[in-house]
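So this one's work_33.cif, mmCIF, C-alpha atoms:
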data_start
loop_
_atom_site.label_atom_id
_atom_site.label_comp_id
_atom_site.auth_asym_id
_atom_site.auth_seq_id
_atom_site.Cartn_x
_atom_site.Cartn_y
_atom_site.Cartn_z
CA MET A 1 170.23 112.89 107.59
CA PHE A 2 171.06 109.24 106.91
CA GLU A 3 168.35 107.95 109.21
CA ALA A 4 166.84 104.49 108.72
CA ASN A 5 163.65 104.45 106.64
CA ALA A 6 161.26 101.81 105.28
CA HIS A 7 163.79 100.68 102.67
CA SER A 8 166.19 99.89 105.51
CA ASN A 9 164.10 96.90 106.57
CA TRP A 10 166.29 94.19 105.13
CA MET A 11 164.72 91.02 106.54
CA ILE A 12 161.93 89.51 104.41
CA ARG A 13 158.93 88.13 106.25
CA TRP A 14 156.00 86.13 104.90
CA LYS A 15 152.43 86.13 106.19
CA PRO A 16 149.41 83.83 105.76
CA ILE A 17 146.64 85.02 103.45
CA PRO A 18 142.85 84.77 103.79
CA PRO A 19 141.03 81.86 102.13
CA THR A 20 139.54 83.95 99.29
CA LEU A 21 142.96 85.27 98.22
CA LEU A 22 144.50 81.83 98.74
CA ASN A 23 142.02 80.29 96.30
CA HIS A 24 142.58 83.14 93.84
CA VAL A 25 146.37 82.68 93.73
CA SER A 26 145.97 78.90 93.54
CA ARG A 27 143.66 79.14 90.52
CA VAL A 28 146.09 81.40 88.66
CA ALA A 29 149.02 79.07 89.38
CA GLU A 30 147.13 75.91 88.42
CA GLN A 31 144.99 77.06 85.49
CA GLU A 32 147.38 79.47 83.82
CA PHE A 33 150.84 78.15 84.74
CA GLY A 34 150.16 74.45 85.27
CA ILE A 35 151.56 74.35 88.81
CA ARG A 36 150.07 71.34 90.64
CA ASP A 37 149.96 69.91 94.16
CA ILE A 38 150.32 73.27 95.92
CA THR A 39 151.13 72.87 99.60
CA THR A 40 151.61 76.41 100.94
CA ILE A 41 151.12 80.01 99.82
CA ARG A 42 152.42 83.02 101.76
CA GLN A 43 152.37 86.73 100.92
CA VAL A 44 155.42 88.93 101.39
CA ASP A 45 154.93 91.11 104.48
CA GLU A 46 156.49 94.41 103.46
CA TRP A 47 155.57 98.06 103.84
CA GLU A 48 154.80 98.84 100.19
CA GLN A 49 151.11 98.46 99.43
CA MET A 50 151.90 97.17 95.95
CA SER A 51 153.91 94.20 97.25
CA ASN A 52 151.55 91.60 95.89
CA ASN A 53 154.16 88.87 95.76
CA PHE A 54 153.39 85.35 96.90
CA ARG A 55 155.73 82.47 97.76
CA LEU A 56 154.12 79.30 96.51
CA THR A 57 155.40 75.81 97.34
CA ALA A 58 154.28 72.93 95.14
CA ARG A 59 155.37 69.56 93.81
CA GLY A 60 157.54 71.20 91.15
CA GLY A 61 159.41 73.42 93.61
CA THR A 62 158.99 76.91 95.05
CA PHE A 63 157.79 79.84 92.95
CA LEU A 64 157.23 83.57 93.28
CA VAL A 65 153.79 84.58 92.00
CA ARG A 66 153.40 88.28 91.29
CA LYS A 67 150.15 90.17 90.87
CA ASN A 68 150.74 93.42 88.97
CA ILE A 69 148.19 95.93 90.23
CA VAL A 70 149.08 99.21 88.52
CA ALA A 71 151.52 98.28 85.75
CA THR A 72 150.27 98.44 82.17
CA LEU A 73 150.81 95.53 79.82
CA SER A 74 153.33 97.55 77.77
CA ARG A 75 155.38 98.31 80.91
CA ILE A 76 155.29 94.65 81.93
CA GLU A 77 156.40 93.57 78.46
CA ALA A 78 159.28 96.07 78.53
CA SER A 79 160.54 94.86 81.91
CA THR A 80 160.07 91.23 80.81
CA SER A 81 162.24 91.72 77.74
CA ILE A 82 164.99 93.26 79.89
CA LEU A 83 164.73 90.48 82.45
CA GLN A 84 165.02 87.76 79.82
CA TYR A 85 167.97 89.49 78.17
CA LEU A 86 169.84 89.88 81.46
CA HIS A 87 169.16 86.28 82.49
CA ASN A 88 170.57 85.03 79.18
CA ALA A 89 173.61 87.30 79.68
CA GLY A 90 174.37 85.65 83.02
CA VAL A 91 173.30 88.56 85.22
CA ALA A 92 171.77 87.57 88.57
CA VAL A 93 168.05 88.28 88.04
CA PRO A 94 164.87 86.23 88.62
CA GLN A 95 164.01 83.59 86.04
CA LEU A 96 160.62 83.96 84.37
CA ILE A 97 158.36 80.90 84.27
CA SER A 98 156.20 80.51 81.16
CA ALA A 99 152.46 80.01 81.34
CA ILE A 100 150.88 76.92 79.77
CA ASP A 101 150.39 78.78 76.48
CA GLY A 102 153.98 80.09 76.46
CA ARG A 103 153.28 83.65 77.60
CA HIS A 104 155.26 85.26 80.44
CA CYS A 105 152.33 87.36 81.60
CA VAL A 106 148.65 86.43 81.81
CA GLU A 107 145.55 88.47 82.52
CA TYR A 108 143.30 86.97 85.14
CA GLU A 109 140.27 88.78 86.59
CA ASP A 110 141.43 92.31 85.67
CA SER A 111 145.04 91.88 86.83
CA TYR A 112 148.26 90.80 85.15
CA TRP A 113 150.09 87.86 86.71
CA GLN A 114 153.63 86.53 86.38
CA VAL A 115 155.51 83.61 87.92
CA PHE A 116 159.25 83.47 88.66
CA GLY A 117 161.62 80.92 90.06
CA PHE A 118 161.81 81.62 93.80
CA ILE A 119 165.07 83.07 95.12
CA SER A 120 165.66 82.62 98.82
CA GLY A 121 167.25 85.45 100.76
CA ASN A 122 166.87 88.89 102.32
CA HIS A 123 167.36 92.42 101.09
CA PHE A 124 170.52 94.53 101.12
CA ARG A 125 171.38 95.05 104.78
CA GLY A 126 174.32 97.43 104.35
CA THR A 127 177.50 95.61 105.33
CA LEU A 128 180.69 96.57 103.50
CA GLU A 129 180.83 93.14 101.85
CA GLU A 130 177.26 93.53 100.59
CA LEU A 131 177.93 97.08 99.37
CA ILE A 132 180.85 95.90 97.26
CA GLN A 133 178.88 92.94 95.90
CA ALA A 134 175.86 95.10 95.09
CA ALA A 135 178.05 97.65 93.29
CA LYS A 136 179.59 94.91 91.15
CA ALA A 137 176.18 93.39 90.42
CA VAL A 138 174.85 96.78 89.25
CA ALA A 139 177.95 97.31 87.11
CA LYS A 140 177.56 93.89 85.50
CA MET A 141 173.90 94.66 84.80
CA HIS A 142 174.79 98.02 83.22
CA SER A 143 177.51 96.44 81.13
CA ALA A 144 175.02 93.91 79.75
CA LEU A 145 172.27 96.49 79.18
CA ALA A 146 174.64 98.63 77.12
CA SER A 147 174.09 96.06 74.35
CA PHE A 148 170.36 95.59 74.92
CA PRO A 149 168.70 95.30 71.47
CA GLU A 150 166.04 97.86 70.53
CA PRO A 151 166.46 99.98 73.70
CA ARG A 152 164.06 102.58 72.33
CA ARG A 153 161.23 100.13 73.02
CA ILE A 154 161.76 101.03 76.67
CA PRO A 155 160.05 104.28 77.76
CA ASN A 156 162.30 107.23 78.54
CA ALA A 157 162.57 108.92 81.93
CA ASP A 158 160.16 111.70 81.00
CA ALA A 159 157.49 109.14 80.12
CA VAL A 160 157.93 107.31 83.43
CA MET A 161 158.32 110.33 85.75
CA PRO A 162 158.35 113.62 83.83
CA LEU A 163 160.33 116.57 85.15
CA GLU A 164 157.97 119.03 83.46
CA PHE A 165 155.94 120.83 86.09
CA ASP A 166 153.89 124.03 85.94
CA THR A 167 154.71 125.28 89.40
CA GLN A 168 152.69 128.49 89.05
CA THR A 169 149.46 126.71 88.08
CA VAL A 170 149.86 124.04 90.75
CA MET A 171 150.63 126.49 93.53
CA SER A 172 147.71 128.74 92.59
CA SER A 173 145.38 125.78 93.16
CA PHE A 174 146.61 125.28 96.72
CA ARG A 175 144.79 127.00 99.58
CA GLY A 176 147.11 126.03 102.40
CA GLU A 177 144.43 123.79 103.88
CA ASN A 178 146.93 121.23 105.19
CA GLN A 179 150.57 120.96 106.16
CA PHE A 180 151.57 119.54 102.79
CA GLU A 181 150.11 122.45 100.82
CA ARG A 182 151.53 125.01 103.23
CA THR A 183 154.98 123.44 102.92
CA LEU A 184 154.89 123.51 99.13
CA ILE A 185 153.73 127.12 99.05
CA GLY A 186 156.66 128.04 101.29
CA GLN A 187 159.09 126.12 99.06
CA LYS A 188 157.84 127.51 95.73
CA ASP A 189 161.07 129.35 94.87
CA PHE A 190 163.20 126.38 95.91
CA LEU A 191 161.21 124.02 93.68
CA GLU A 192 161.24 126.36 90.67
CA ASN A 193 164.95 127.13 90.94
CA THR A 194 165.98 123.49 91.36
CA ILE A 195 163.87 122.30 88.42
CA ARG A 196 165.32 125.09 86.25
CA TYR A 197 168.86 124.15 87.30
CA ILE A 198 168.36 120.44 86.53
CA ARG A 199 166.88 121.19 83.11
CA GLU A 200 169.72 123.51 82.16
CA VAL A 201 172.51 121.18 83.27
CA VAL A 202 171.04 117.88 82.03
CA ALA A 203 170.10 119.44 78.68
CA ASP A 204 173.80 120.21 78.19
CA LEU A 205 174.78 116.59 78.90
CA GLY A 206 173.40 114.96 75.77
CA ARG A 207 176.82 113.44 75.14
CA MET A 208 176.46 111.23 78.23
CA ARG A 209 175.95 107.50 77.62
CA GLN A 210 172.31 106.51 77.06
CA GLN A 211 170.96 102.98 77.49
CA ALA A 212 168.29 100.76 79.02
CA LEU A 213 168.26 101.11 82.82
CA HIS A 214 166.77 99.44 85.89
CA GLY A 215 165.21 102.70 87.05
CA ASP A 216 164.63 101.91 90.73
CA ILE A 217 167.80 100.68 92.41
CA HIS A 218 167.41 100.70 96.18
CA PRO A 219 168.16 98.27 99.06
CA GLN A 220 164.92 96.30 98.78
CA ASN A 221 165.46 95.54 95.11
CA PHE A 222 168.34 93.20 95.94
CA LEU A 223 168.29 89.67 97.32
CA PHE A 224 171.24 88.34 99.31
CA HIS A 225 171.61 84.69 100.29
CA ASN A 226 174.47 83.34 102.42
CA SER A 227 176.17 86.76 102.14
CA ALA A 228 176.16 86.60 98.32
CA CYS A 229 174.15 88.82 95.97
CA ALA A 230 171.58 86.36 94.61
CA ALA A 231 169.63 88.76 92.39
CA ILE A 232 168.64 92.26 91.40
CA ILE A 233 164.85 92.34 91.27
CA ASP A 234 161.83 94.47 90.23
CA PHE A 235 162.43 95.94 86.77
CA GLY A 236 158.95 97.47 86.60
CA ASN A 237 160.33 101.03 86.44
CA SER A 238 162.95 100.35 83.78
CA PHE A 239 163.48 103.11 81.24
CA PHE A 240 165.85 104.39 78.54
CA GLY A 241 168.06 107.27 79.63
CA PRO A 242 171.50 108.44 80.79
CA LEU A 243 173.53 105.67 82.39
CA MET A 244 174.38 108.06 85.23
CA ASP A 245 170.73 108.16 86.30
CA ASP A 246 170.97 104.54 87.41
CA VAL A 247 174.50 104.89 88.78
CA ALA A 248 173.46 107.96 90.78
CA MET A 249 170.49 106.24 92.38
CA ALA A 250 172.49 103.12 93.19
CA CYS A 251 175.37 105.15 94.60
CA HIS A 252 173.13 107.26 96.84
CA ARG A 253 170.66 104.64 98.04
CA LEU A 254 173.14 101.81 98.64
CA THR A 255 175.80 104.03 100.22
CA ARG A 256 173.22 105.61 102.52
CA GLN A 257 172.13 102.14 103.67
CA TYR A 258 175.77 101.29 104.37
CA VAL A 259 175.93 104.48 106.50
CA VAL A 260 172.64 103.60 108.25
CA HIS A 261 173.95 100.12 109.02
CA GLN A 262 176.95 101.56 110.89
CA LYS A 263 174.48 102.69 113.60
CA LYS A 264 176.66 104.17 116.35
CA ARG A 265 179.32 105.55 114.00
CA PRO A 266 178.51 109.14 112.93
CA TRP A 267 177.65 109.52 109.24
CA PRO A 268 180.46 112.02 108.43
CA LYS A 269 182.94 109.23 109.25
CA THR A 270 181.19 106.52 107.24
CA LEU A 271 179.95 108.33 104.12
CA SER A 272 183.39 108.79 102.56
CA PRO A 273 184.57 105.15 102.85
CA GLY A 274 181.14 103.99 101.70
CA LEU A 275 181.25 106.16 98.58
CA ARG A 276 184.78 105.07 97.77
CA SER A 277 183.97 101.40 98.24
CA PHE A 278 180.89 101.59 96.00
CA LEU A 279 182.56 103.54 93.20
CA GLU A 280 185.78 101.51 93.21
CA ALA A 281 183.86 98.21 93.13
CA TYR A 282 181.54 99.44 90.37
CA MET A 283 184.37 100.68 88.18
CA THR A 284 186.31 97.42 88.35
CA ILE A 285 183.52 96.06 86.13
CA HIS A 286 182.15 99.14 84.32
CA PRO A 287 184.51 102.16 84.26
CA LEU A 288 183.20 105.72 84.47
CA SER A 289 184.90 108.88 83.23
CA ASP A 290 185.90 111.72 85.56
CA GLU A 291 183.22 113.84 83.90
CA GLU A 292 180.52 111.26 84.63
CA LEU A 293 181.63 110.97 88.25
CA GLY A 294 181.67 114.75 88.61
CA PHE A 295 178.03 114.98 87.58
CA LEU A 296 176.80 112.28 89.97
CA PRO A 297 175.12 114.80 92.35
CA VAL A 298 173.24 116.41 89.43
CA PHE A 299 171.80 113.07 88.37
CA MET A 300 170.98 112.23 91.99
CA THR A 301 169.03 115.49 92.19
CA ASP A 302 167.33 114.85 88.85
CA LEU A 303 165.99 111.47 89.93
CA LEU A 304 165.00 112.73 93.35
CA PHE A 305 163.02 115.64 91.89
CA ARG A 306 161.19 113.39 89.45
CA LYS A 307 160.00 111.37 92.44
CA LEU A 308 159.21 114.52 94.43
CA LEU A 309 157.09 115.95 91.60
CA ASN A 310 155.37 112.61 91.06
CA ASN A 311 154.39 112.68 94.74
CA ILE A 312 152.77 116.11 94.21
CA ARG A 313 150.94 114.92 91.08
CA THR A 314 149.62 111.88 92.91
CA TYR A 315 148.26 114.14 95.66
CA ILE A 316 146.62 116.51 93.14
CA GLN A 317 144.98 113.52 91.43
CA GLY A 318 143.45 112.49 94.75
CA LYS A 319 145.41 109.21 94.83
CA ARG A 320 147.37 110.11 97.96
CA THR A 321 146.28 111.77 101.18
CA ALA A 322 147.87 115.02 102.33
CA GLU A 323 149.40 113.22 105.33
CA ILE A 324 151.11 110.54 103.23
CA ALA A 325 152.18 113.07 100.59
CA TYR A 326 153.71 115.29 103.28
CA THR A 327 155.63 112.37 104.80
CA GLN A 328 156.99 111.42 101.38
CA HIS A 329 157.89 115.02 100.60
CA GLN A 330 159.86 115.44 103.82
CA ARG A 331 161.72 112.23 103.04
CA PHE A 332 162.73 113.60 99.64
CA VAL A 333 163.82 116.93 101.13
CA ASN A 334 166.02 115.07 103.63
CA PHE A 335 167.52 113.17 100.71
CA MET A 336 168.46 116.53 99.16
CA ASP A 337 170.59 117.28 102.23
CA GLU A 338 172.23 113.88 101.83
CA ILE A 339 173.01 114.60 98.18
CA HIS A 340 174.71 117.84 99.20
CA ALA A 341 176.84 115.80 101.63
CA VAL A 342 177.71 113.35 98.83
CA GLU A 343 178.68 116.27 96.58
CA THR A 344 181.03 117.59 99.26
CA GLU A 345 182.67 114.19 99.61
CA LEU A 346 183.09 113.79 95.85
CA TYR A 347 184.69 117.22 95.73
CA SER A 348 187.17 116.09 98.38
CA PHE A 349 188.00 113.13 96.10
CA GLY A 350 188.99 115.66 93.43
CA LEU A 351 185.91 115.04 91.26
#

This entry written out as structure tokens:
Amino acid sequence: MFEANAHSNWMIRWKPIPPTLLNHVSRVAEQEFGIRDITTIRQVDEWEQMSNNFRLTARGGTFLVRKNIVATLSRIEASTSILQYLHNAGVAVPQLISAIDGRHCVEYEDSYWQVFGFISGNHFRGTLEELIQAAKAVAKMHSALASFPEPRRIPNADAVMPLEFDTQTVMSSFRGENQFERTLIGQKDFLENTIRYIREVVADLGRMRQQALHGDIHPQNFLFHNSACAAIIDFGNSFFGPLMDDVAMACHRLTRQYVVHQKKRPWPKTLSPGLRSFLEAYMTIHPLSDEELGFLPVFMTDLLFRKLLNNIRTYIQGKRTAEIAYTQHQRFVNFMDEIHAVETELYSFGL
């Protein structure tokens, strides 16, 4: 548990791009956004295949050009409206740059493109100072989003990553031809029981606060510059749902990175102070009730299982190999053990 993973790579690196792609990005920037006298273009060198972000330096300054590969226009428009609202509310988020015709998103050769003001920095590394700053930044974001107008325009969690899953039908289609399928067959009861438990508990929590959310808070969706939190980024998975969904993900993923960053210190000695530091910092800005805090592990499990089931769906659809799907699945199962550890710590806090 609490081992470093791909999201633990905090330093951002940039790589040169081939001439064809260089010309492509240049044409978008010049023709659609009016950016002239471009001197350099570099692509972010990160593990996610969908990281089609480019740092572009020109006469007018430095910009971040983003090519949206899989996002639909409606999803882009939803995240754009949230981004604009948060920027106007004084929350540290990237600033959108308008195209020549005033749009914030343009279609160019079968892809949607956006441009942002460039924010220098690296991702969340996991120091105590960064953990406290990140918690406060998330709390400020949530406080602002509580008043987001027309939140129902944002898709709900079930639309983004549904929890509905016909385990019987899916399992009957597996033949145990690879390690991923054999693992799922062996975990059939575990999957069914956990999904049933989440549905029953969450269905009884309709009274919990509902609002627009970020939807994907993890270490690489923060930028830190000179030890200060410069921005929360990537609102492409934003949705409308229980506030505790976002709090749960932030609490788990940021606290775990704090634990990972301690390196030689064993996790049982670092998890408790990390959890306390995150929650205390968050609640100085955006208080939570004892009931909400008590259900943190349930919401952590809910979000984790939505991702786990989405991984299975992606494999069934032929969009992910068995090897990659298995690696992702094992990562999620390890996260379940971490959530149990978090639950134990919260219980010791009297929650």

* To do: Step by step, work through what the PyMOL selection byres ((chain A and resi 323) around 12) selects in the shown file, and finish by giving those residues as a count of residues only.
  => 20

* Asked: For this file, the PyMOL selection byres ((chain A and resi 277-286) around 12) selects which residues, as a VMD selection string?
  -> chain A and resid 126 to 146 243 to 244 247 to 259 270 to 276 287 to 290 292 to 293 296 346 349

* To do: Could you give me, as a PyMOL selection string, the residues within 9 Å of His225 of chain A, counting only C-alpha atoms and dropping anything in the same chain fewer than 3 positions from it?
  => chain A and resi 119-123+228-230

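Note on the selection: in this file the PyMOL selection byres ((chain A and resi 339) around 9) comes out as His252, Pro297, Val298, Met300, Thr301, Asn334, Phe335, Met336, Asp337, Glu338, His340, Ala341, Val342, Glu343 and Thr344 of chain A.
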
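Within 10 Å of the file-frame point (181.0, 112.6, 75.1), and using all atoms listed in the file, the polymer residues found are Leu205, Gly206, Arg207, Met208, Arg209, Ser289, Glu291 and Glu292 of chain A.
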
* Taking only C-alpha atoms into account, which of A:Ala89, A:Thr194, A:Asp189, A:Phe240 comes nearest Glu150 of chain A? ->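 The answer is A:Phe240, which sits nearest to Glu150 of chain A.
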
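For the atom pair formed by atom CA of Pro162 of chain A and atom CA of Asp204 of chain A, the distance is 17.7 Å, given to one decimal.
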